[in-house]
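Okay, structure first, notes after.
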Amino acid sequence: MNKRRLLFLAVTTMSIFLLSIIDSKAQTRVLENFESYTTNTELGANWRVFGTASKDFEVVTDTMPKVAPGGTKYFKYVYGTETSAWGGVAERKVTDATFFPLNLSTTKAGVQFYLKGDGTNNVIRLRLYDEKSVDSYAIWRSQAISLTDTNWHIVYVPFILDKEGYYGLHLWDNKGGYEETEEQLAASIGNITRFQVLLDNPDKTDITIHRIYFDDFRAVDFMPPHGVNAIKVADFEQYIESEDFITKWQGFGYGTLDYELGRDETAPEGYKNAAWIYQTEERTTWGVAFRSRQVLYKIPKLGAVGENGGFQFLLKGDGTKDLFFFRLQDAQNNFWGSNWISIEDTTWHMVTIPFKISATNGFRWLGNNPDETVWDGNPGTIEQLRASLDMLMEVRVDKRFFNTPIPPYVNEPHPAYIDTVRRSICIDGIYAVDNFPPLAPENADDFENYSDSDNLKTAWNQFGGGSIGLALNETQVKSGSKSMAITYVGANGYTAVRKRNILPGLNFSDLKAGMQYWVKGDGSDNSIILRLMNGNEMWESAPFSLKSTDWIHVGVEFKADSTGGFRYLGNNTDNPIFSTNVGTNEQLYGDLANIDQIRFYIRDPQATSTEYTVIIDKLEGVDQFSQSTILTDVENEYQDAMPVSYSLSQNYPNPFNPTTKIEYSLSNPEFVTLRVFNILGQVVSTLVNENQKSGTHQINFNASKLSSGVYFFQIQAGSFVNTKKMILLK
């Protein structure tokens, strides 16, 4: 083997790694799929309909051909609107404690269900109730859901706060001090006492009796991306049976046994997926493959996807050490391949591949000869890749079998991984997205697991001359039911608390944003500081003022910075070195992989004999800051006026003709892109595309050249992305 080949094998071996995996153990919880009901009497024991529009309901059992998406049975709701005052409701009743209350906080994404509409312009909404008592409740209502589509399709209601009612949940009715905040929504999700589908103020001039159908209500960990530039490549829900599926998708290679439409109750996206079944045999050389059939399967143009985007899809591996890569082919026979992807994880997890040229995490050009497609020294250019995205003809998965756990990819035969086991890879939810969904937060401490103050002190301890007491607080909380109270006297010196000997160490190295926590200040002129430690390596935030006695969501960015992020203190725990050397981002992220101690300091407090108490709650590392988060800044400490957070306000006026104002806020200087899209996802105007200072900004948008209709405006500033709807009426 020549030197070039040896060098290539070494580089390839070193570059193999898992592509980004989000939430490696996605969960699905079936709330109701109607399979257990054999008669309407049985259905009526758990469900009811009411309201002026409601006429009837029943459980429907499929006859051949089978069409129910979630099994063989589904729910039919019959309504008439001529005499309707407000609409009607189909509700899962409170029967006994075996079903309600529902704690849906164990699933992260939201609720999905199947819907078959009636072709009218009427809408329905999902409503979730949190009823703590007769006098205390909150009703959360989803976005309006159209009934125009008369085919079975999935409806998604994410667990995100959306006050405009565009996509998510908003507080529709409340009693007992509920707020419309992310935290209140999260608390309610853990205590759902009823859920219902509401027919919301239908057209009263329609005298026709209508029927709509529901099936398979689920709480899920994953939902497909929602946005003007999220493009679905495949989710497999449109296929009724495998016979329909295999006309558009194909598995091949000597080892392929079958490829079919999978039905998996644990699937985190929809109910159907692509199941590719194979078994190695003596003739197996290069492996097996699974692909969309050219021409028969239409792939949308993906060139509109932003430069920070890429592919994301759900994967369920076969448990072996084998690997596969994701391949694209365009109309000019240009081939692009990802790096190797592990299939060892047999739980549903998300794989992301960015639209960039990279030998490790992205795509590289494979050539344009389908018979001799190889990785060579020419990785291609980003311009070539983006041109190919607008004329894709095929997406494909290539799996190879090897005797070694780290296979090189060379242009010669390899010994096959021969065994007698039937294996399968399942794939679902293939999307091209502008921005990858944020990783789930990494909990550092939310104080919920401590039984009392003594138990808290087994994990946290207080030190410093000003220290008075450390206690578990169950009356002043921001998240959950418990927080940590730090009491001190400034006249006696500083105070600090530390959570030490964290085993195994916390790993924040995959997160892009930073640390965030809730703090309820003590009204003093003192400040609090957060420190992270890896062994003797120390990183410390800028101080944050304790002047406000309201709950404040504080964020510290994962960047080596003397103001808004963490600065390096050195590695001598007895004498931290504060210097102009703030460290580097590479150093910081290296240490974030194993944080074994966390500290809070109130350093150099006011020298008074007053006892102060600071409350800390929900400390976590995050991939994306919450919109309420205030970033620390030593040069602009929080006083009476908070520094602005990242936010995008609703345009005003709305509807408008032809001008409107758009306002947004930046808590740090960022490169900002603000664009307007039509309902097809096409950019109709770019309002901002430049670096901007922190603060509040206002843009005037003139739509005089556009026609009346619905438009969307989207901001991207660093990791912050938000989209809102506006209506132009001329």
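Residue numbering restarts at 1 in every chain; chains get A, B, ... in the order shown in the structure tokens, and ligands count up from 1 in that same order.
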Handout entry: Members of stretch 165-391 of chain A assigned alpha helix (DSSP H) by DSSP, as a PyMOL selection string
Key = chain A and resi 182-189+242-245+382-389
Handout entry: Near-stretch 305-318 of chain A list (6 Å; only C-alpha atoms; drop same-chain fewer than 3 positions) as a ChimeraX atom specification
Key = /A:302,343-355,423-435
Completion exercise
From atom CA of A:Gly303 to atom CA of A:Thr381 the spacing works out at 14.5 Å
Handout entry: Residues near stretch 484-497 of chain A, cut-off 6 Å, only C-alpha atoms, skip fewer than 5 positions along chain, as number ranges by chain
Key = A: 461-473, 599-616
Practice task
Write out as a ChimeraX atom specification which residues come within 12 Å of A:Ala703 when counting only C-alpha atoms, dropping same-chain ones fewer than 6 positions away.
Solution key: /A:655-661,676-678,684-687,709-711,726-730
